[in-house]
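To keep things clear, I will list the structure first and then write my remarks on it.
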Amino acid sequence: MISHSYDELLKSKHRLAMLLFFFLNSATALFSMVYPPEGSSSMPFPLVLIFALCCAGLIFSYLSKKNFSAHLNMCSVIVGLLWGWQIAFRFAEIGQTDKNYLLVSLLSIFFISAIALSDNFLAFCLHAVPSTICVIFLDDFQHVGRILFTVSLPLIGLWLHHLMLKRSDEFTRRMLSNLYSEREKFSDLSMLDPLTGLYNRRGLQNKLETLFNQASGHYVMLLDIDHFKAYNDNYGHTMGDQALVRVSAAIRDAVRSRDVVVRYGGEEFLVLMSNVQQEHAVRMAERIQNKVLGLNIPHLFNAQVSTHVTVSAGLAALEEGDFIQALGKADTSLYHAKNSGRNKIFYAWEEETVEASIEERMA
């Protein structure tokens with residue numbers, strides 16, 4: 001996402017460079033037509049063509065939402081050739097009266113190239129080189145060394161500037177990539193419970209956003225460690241944290257990799273199962289219960305059910321994408337499991353059947 005935004009920023013920068021290129025060329029052409037040198041025509045065809053093409057390019061690039069910066073090289077060589085034609089045309093008119101015309105024209109072209117195309121070395125060369133070659137030929141190769149020296153300085157400077165920009169761009173991309181990776185890492189960490197490594201409620205919410213794109217057959221299971229307050233009071237919070245870690249690992253091991261395990265509260269866990277049938281969801285709940293009991297974590301105040309840590313569970317089907325309703329049913333089932341002696345699993349659909357039969361008897 002960040003890389004895409006950076007690419008969009010570069011495209012915007014290139015588009016502005018193209019607008020500036022057309023503007024400077026059209027402004028220079030207009031100035032040359034308004035203030036032509038003495039003894040020359042005010043509106044020579046090459047100059048009119050440069051002005052018309054650059055004005056059209058400026059308007060089109062400004063109004064269009066598309067990015068035409070990829071065509072900058074082609075535009076540069078076309079306008080550069082037209083400027084070479086214009087220099088040759090004017091030199092034929094005033095070459096003998098104004099001996100500085102060639103140098104002034106060449107510097108004007110390089111000024112436009114340096115301002116508008118400083119970030120694009122190839123476009124700079126394509127725009128400036130035709131005029132340079134034209135000036136060398138018109139000068140009858142009398143000052144080739146001086147012209148090449150005058151031309152080489154900005155070319156070398158722009159080439160070095162281009163290399164620095166390229167390295168800066170690569171460095172910026174690496175930094176953005178590293179920042180994006182770090183952001184993803186911290187985002188993942190913020191969705192995890194620091195003690196157990198399971199998802200927290202934020203992680204659950206993130207998973208729910210993609211859950212309903214999967215197949216049907218979703219079940220919500222709430223689990224609660226029996227008599228955990230008494231466990232903490234008797235063994236201390238350090239041992240309590242160790243028990244939570246072991247229980248969470250047992251729950252994680254008992255379910256499939258596609259299932260979502262969440263530390264929903266202090267000693268309460270939530271398992272979100274997807275693409276599973278009812279009988280398999282029931283077996284998975286029983287497997288979790290046996291896994292936790294098999295940990296053999298001593299529990300002095302759990303003697304009525306077991307001498308070890310146990311869990312009670314409530315299981316409900318997630319229907320029509322209504323997670324809140326399924327969670328409420330699972331919580332009610334868990335409440336019944338806790339009040340029925342603990343270390344039990346209650347299923348929401350069985351409770352509905354029992355309640356219906358009671359209502360029928362009362363009727």
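Starting from 1 in every chain, residues are counted up; chains themselves are A, B, ... following the order of the structure tokens, and ligands are numbered from 1 as listed.
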
- Tell me, as a PyMOL selection string, which residues lie within 12 Å of Ala123 in chain A, counting only C-alpha atoms; anything in the same chain fewer than 6 positions away does not count. chain A and resi 14+17-18+21+69-80+110+112-117+129-130+155+158-159+162

- Message: Quick one: residues within 6 Å of range 257-271 of chain A, only C-alpha atoms, excluding same-chain residues fewer than 6 positions away - as an MDAnalysis selection string?
- Response: chainID A and resid 198:200 220:225

Serialized selection, all heavy atoms, as a PDB file, in the first residue's frame:
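Output (part.pdb):
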ATOM      1  N   LEU A 198      -2.214 -16.057  21.880  1.00  0.00           N
ATOM      2  CA  LEU A 198      -3.455 -16.234  21.130  1.00  0.00           C
ATOM      3  C   LEU A 198      -3.964 -14.877  20.655  1.00  0.00           C
ATOM      4  O   LEU A 198      -3.491 -13.823  21.083  1.00  0.00           O
ATOM      5  CB  LEU A 198      -4.520 -16.898  22.012  1.00  0.00           C
ATOM      6  CG  LEU A 198      -4.182 -18.279  22.588  1.00  0.00           C
ATOM      7  CD1 LEU A 198      -5.320 -18.753  23.476  1.00  0.00           C
ATOM      8  CD2 LEU A 198      -3.907 -19.286  21.479  1.00  0.00           C
ATOM      9  N   TYR A 199      -4.945 -14.894  19.761  1.00  0.00           N
ATOM     10  CA  TYR A 199      -5.576 -13.643  19.351  1.00  0.00           C
ATOM     11  C   TYR A 199      -6.305 -13.012  20.531  1.00  0.00           C
ATOM     12  O   TYR A 199      -6.834 -13.706  21.402  1.00  0.00           O
ATOM     13  CB  TYR A 199      -6.580 -13.894  18.221  1.00  0.00           C
ATOM     14  CG  TYR A 199      -5.937 -14.165  16.883  1.00  0.00           C
ATOM     15  CD1 TYR A 199      -5.988 -15.440  16.327  1.00  0.00           C
ATOM     16  CD2 TYR A 199      -5.296 -13.164  16.170  1.00  0.00           C
ATOM     17  CE1 TYR A 199      -5.402 -15.705  15.091  1.00  0.00           C
ATOM     18  CE2 TYR A 199      -4.712 -13.419  14.942  1.00  0.00           C
ATOM     19  CZ  TYR A 199      -4.762 -14.686  14.412  1.00  0.00           C
ATOM     20  OH  TYR A 199      -4.178 -14.947  13.209  1.00  0.00           O
ATOM     21  N   ASN A 200      -6.306 -11.674  20.560  1.00  0.00           N
ATOM     22  CA  ASN A 200      -7.152 -10.971  21.514  1.00  0.00           C
ATOM     23  C   ASN A 200      -8.445 -10.553  20.803  1.00  0.00           C
ATOM     24  O   ASN A 200      -8.704 -10.978  19.677  1.00  0.00           O
ATOM     25  CB  ASN A 200      -6.416  -9.761  22.107  1.00  0.00           C
ATOM     26  CG  ASN A 200      -5.891  -8.824  21.023  1.00  0.00           C
ATOM     27  OD1 ASN A 200      -6.392  -8.811  19.902  1.00  0.00           O
ATOM     28  ND2 ASN A 200      -4.869  -8.054  21.343  1.00  0.00           N
ATOM     29  N   VAL A 220     -19.294 -21.216  17.405  1.00  0.00           N
ATOM     30  CA  VAL A 220     -18.624 -20.415  18.425  1.00  0.00           C
ATOM     31  C   VAL A 220     -18.621 -21.202  19.727  1.00  0.00           C
ATOM     32  O   VAL A 220     -19.672 -21.690  20.177  1.00  0.00           O
ATOM     33  CB  VAL A 220     -19.339 -19.062  18.628  1.00  0.00           C
ATOM     34  CG1 VAL A 220     -18.683 -18.276  19.758  1.00  0.00           C
ATOM     35  CG2 VAL A 220     -19.325 -18.256  17.336  1.00  0.00           C
ATOM     36  N   MET A 221     -17.435 -21.320  20.326  1.00  0.00           N
ATOM     37  CA  MET A 221     -17.317 -22.040  21.601  1.00  0.00           C
ATOM     38  C   MET A 221     -16.629 -21.135  22.619  1.00  0.00           C
ATOM     39  O   MET A 221     -15.563 -20.583  22.356  1.00  0.00           O
ATOM     40  CB  MET A 221     -16.510 -23.330  21.425  1.00  0.00           C
ATOM     41  CG  MET A 221     -16.307 -24.096  22.732  1.00  0.00           C
ATOM     42  SD  MET A 221     -15.733 -25.813  22.480  1.00  0.00           S
ATOM     43  CE  MET A 221     -14.426 -25.606  21.268  1.00  0.00           C
ATOM     44  N   LEU A 222     -17.272 -20.971  23.773  1.00  0.00           N
ATOM     45  CA  LEU A 222     -16.696 -20.238  24.894  1.00  0.00           C
ATOM     46  C   LEU A 222     -16.253 -21.230  25.959  1.00  0.00           C
ATOM     47  O   LEU A 222     -16.995 -22.170  26.291  1.00  0.00           O
ATOM     48  CB  LEU A 222     -17.720 -19.267  25.486  1.00  0.00           C
ATOM     49  CG  LEU A 222     -17.899 -17.916  24.768  1.00  0.00           C
ATOM     50  CD1 LEU A 222     -19.012 -17.116  25.448  1.00  0.00           C
ATOM     51  CD2 LEU A 222     -16.612 -17.110  24.775  1.00  0.00           C
ATOM     52  N   LEU A 223     -15.034 -21.028  26.468  1.00  0.00           N
ATOM     53  CA  LEU A 223     -14.499 -21.907  27.509  1.00  0.00           C
ATOM     54  C   LEU A 223     -14.042 -21.071  28.688  1.00  0.00           C
ATOM     55  O   LEU A 223     -13.537 -19.950  28.519  1.00  0.00           O
ATOM     56  CB  LEU A 223     -13.315 -22.730  26.978  1.00  0.00           C
ATOM     57  CG  LEU A 223     -13.576 -23.594  25.754  1.00  0.00           C
ATOM     58  CD1 LEU A 223     -12.890 -22.978  24.541  1.00  0.00           C
ATOM     59  CD2 LEU A 223     -13.064 -25.010  25.958  1.00  0.00           C
ATOM     60  N   ASP A 224     -14.192 -21.631  29.863  1.00  0.00           N
ATOM     61  CA  ASP A 224     -13.787 -20.926  31.075  1.00  0.00           C
ATOM     62  C   ASP A 224     -13.110 -21.922  32.020  1.00  0.00           C
ATOM     63  O   ASP A 224     -13.615 -23.045  32.234  1.00  0.00           O
ATOM     64  CB  ASP A 224     -15.012 -20.296  31.757  1.00  0.00           C
ATOM     65  CG  ASP A 224     -14.608 -19.358  32.879  1.00  0.00           C
ATOM     66  OD1 ASP A 224     -14.340 -18.174  32.574  1.00  0.00           O
ATOM     67  OD2 ASP A 224     -14.545 -19.816  34.040  1.00  0.00           O
ATOM     68  N   ILE A 225     -11.958 -21.540  32.573  1.00  0.00           N
ATOM     69  CA  ILE A 225     -11.252 -22.406  33.516  1.00  0.00           C
ATOM     70  C   ILE A 225     -12.020 -22.433  34.833  1.00  0.00           C
ATOM     71  O   ILE A 225     -12.343 -21.384  35.398  1.00  0.00           O
ATOM     72  CB  ILE A 225      -9.811 -21.918  33.737  1.00  0.00           C
ATOM     73  CG1 ILE A 225      -9.041 -21.912  32.412  1.00  0.00           C
ATOM     74  CG2 ILE A 225      -9.092 -22.798  34.762  1.00  0.00           C
ATOM     75  CD1 ILE A 225      -7.620 -21.396  32.518  1.00  0.00           C
TER      76      ILE A 225
END

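Taking only C-alpha atoms, the non-local environment of Cys54 in chain A within 8 Å (same-chain residues fewer than 2 positions away omitted) comprises Phe22, Phe23, Asn25, Ser26, Ile50, Phe51, Ala52, Ala56, Gly57 and Leu58 of chain A.
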
- Task: Any chance you could list, as a list of chain:residue names, the residues in range 277-312 of chain A that come up alpha helix (DSSP H) when DSSP is run on the backbone?
- Result: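 DSSP on the backbone gives alpha helix (DSSP H) at A:Gln278, A:Glu279, A:His280, A:Ala281, A:Val282, A:Arg283, A:Met284, A:Ala285, A:Glu286, A:Arg287, A:Ile288, A:Gln289, A:Asn290, A:Lys291, A:Val292, A:Leu293.
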
Strand (DSSP E or B) call set, DSSP backbone run, range 126-284 of chain A, as a PDB file with N, CA and C atoms, in the first residue's frame:
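Done, and the output landed in out-v6.pdb:
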ATOM      1  N   LEU A 192      -2.460  -9.793  19.211  1.00  0.00           N
ATOM      2  CA  LEU A 192      -2.151 -10.998  19.960  1.00  0.00           C
ATOM      3  C   LEU A 192      -2.099 -10.708  21.449  1.00  0.00           C
ATOM      4  N   TYR A 199      -4.945 -14.894  19.761  1.00  0.00           N
ATOM      5  CA  TYR A 199      -5.576 -13.643  19.351  1.00  0.00           C
ATOM      6  C   TYR A 199      -6.305 -13.012  20.531  1.00  0.00           C
ATOM      7  N   HIS A 218     -20.182 -22.546  10.685  1.00  0.00           N
ATOM      8  CA  HIS A 218     -19.390 -21.839  11.685  1.00  0.00           C
ATOM      9  C   HIS A 218     -19.973 -22.104  13.074  1.00  0.00           C
ATOM     10  N   TYR A 219     -19.078 -22.312  14.041  1.00  0.00           N
ATOM     11  CA  TYR A 219     -19.492 -22.547  15.423  1.00  0.00           C
ATOM     12  C   TYR A 219     -18.634 -21.708  16.355  1.00  0.00           C
ATOM     13  N   VAL A 220     -19.294 -21.216  17.405  1.00  0.00           N
ATOM     14  CA  VAL A 220     -18.624 -20.415  18.425  1.00  0.00           C
ATOM     15  C   VAL A 220     -18.621 -21.202  19.727  1.00  0.00           C
ATOM     16  N   MET A 221     -17.435 -21.320  20.326  1.00  0.00           N
ATOM     17  CA  MET A 221     -17.317 -22.040  21.601  1.00  0.00           C
ATOM     18  C   MET A 221     -16.629 -21.135  22.619  1.00  0.00           C
ATOM     19  N   LEU A 222     -17.272 -20.971  23.773  1.00  0.00           N
ATOM     20  CA  LEU A 222     -16.696 -20.238  24.894  1.00  0.00           C
ATOM     21  C   LEU A 222     -16.253 -21.230  25.959  1.00  0.00           C
ATOM     22  N   LEU A 223     -15.034 -21.028  26.468  1.00  0.00           N
ATOM     23  CA  LEU A 223     -14.499 -21.907  27.509  1.00  0.00           C
ATOM     24  C   LEU A 223     -14.042 -21.071  28.688  1.00  0.00           C
ATOM     25  N   ASP A 224     -14.192 -21.631  29.863  1.00  0.00           N
ATOM     26  CA  ASP A 224     -13.787 -20.926  31.075  1.00  0.00           C
ATOM     27  C   ASP A 224     -13.110 -21.922  32.020  1.00  0.00           C
ATOM     28  N   ILE A 225     -11.958 -21.540  32.573  1.00  0.00           N
ATOM     29  CA  ILE A 225     -11.252 -22.406  33.516  1.00  0.00           C
ATOM     30  C   ILE A 225     -12.020 -22.433  34.833  1.00  0.00           C
ATOM     31  N   VAL A 260      -9.888 -20.345  14.821  1.00  0.00           N
ATOM     32  CA  VAL A 260      -9.380 -19.152  15.498  1.00  0.00           C
ATOM     33  C   VAL A 260      -9.558 -19.324  17.005  1.00  0.00           C
ATOM     34  N   VAL A 261      -8.451 -19.233  17.747  1.00  0.00           N
ATOM     35  CA  VAL A 261      -8.486 -19.356  19.210  1.00  0.00           C
ATOM     36  C   VAL A 261      -8.169 -17.991  19.797  1.00  0.00           C
ATOM     37  N   VAL A 262      -9.024 -17.531  20.704  1.00  0.00           N
ATOM     38  CA  VAL A 262      -8.929 -16.183  21.239  1.00  0.00           C
ATOM     39  C   VAL A 262      -8.919 -16.236  22.764  1.00  0.00           C
ATOM     40  N   ARG A 263      -8.036 -15.448  23.367  1.00  0.00           N
ATOM     41  CA  ARG A 263      -8.170 -15.231  24.809  1.00  0.00           C
ATOM     42  C   ARG A 263      -9.187 -14.109  24.978  1.00  0.00           C
ATOM     43  N   GLU A 268     -11.017 -16.796  30.278  1.00  0.00           N
ATOM     44  CA  GLU A 268     -12.039 -17.207  29.331  1.00  0.00           C
ATOM     45  C   GLU A 268     -11.454 -17.231  27.915  1.00  0.00           C
ATOM     46  N   PHE A 269     -11.776 -18.265  27.176  1.00  0.00           N
ATOM     47  CA  PHE A 269     -11.274 -18.432  25.812  1.00  0.00           C
ATOM     48  C   PHE A 269     -12.435 -18.595  24.853  1.00  0.00           C
ATOM     49  N   LEU A 270     -12.192 -18.236  23.601  1.00  0.00           N
ATOM     50  CA  LEU A 270     -13.194 -18.382  22.551  1.00  0.00           C
ATOM     51  C   LEU A 270     -12.549 -19.112  21.376  1.00  0.00           C
ATOM     52  N   VAL A 271     -13.268 -20.090  20.856  1.00  0.00           N
ATOM     53  CA  VAL A 271     -12.820 -20.813  19.676  1.00  0.00           C
ATOM     54  C   VAL A 271     -13.847 -20.610  18.570  1.00  0.00           C
ATOM     55  N   LEU A 272     -13.384 -20.132  17.439  1.00  0.00           N
ATOM     56  CA  LEU A 272     -14.249 -19.900  16.289  1.00  0.00           C
ATOM     57  C   LEU A 272     -13.908 -20.952  15.236  1.00  0.00           C
ATOM     58  N   MET A 273     -14.835 -21.876  15.030  1.00  0.00           N
ATOM     59  CA  MET A 273     -14.616 -22.976  14.082  1.00  0.00           C
ATOM     60  C   MET A 273     -15.392 -22.703  12.793  1.00  0.00           C
TER      61      MET A 273
END

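CA of Gly314 in chain A is positioned 5.7 Å from CA of Ile345 in chain A.
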
- From the list A:Ala330, A:Leu300, A:Leu102, A:Gly197, which residue is nearest His143 in chain A when using only C-alpha atoms?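 For His143 in chain A, the nearest of the given residues is A:Leu102.
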
- Query: Quick one: distance from CA of Thr210 in chain A to CA of Asn275 in chain A in Å, one decimal?
  - Reply: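 Separation of CA of Thr210 in chain A and CA of Asn275 in chain A: 13.4 Å.
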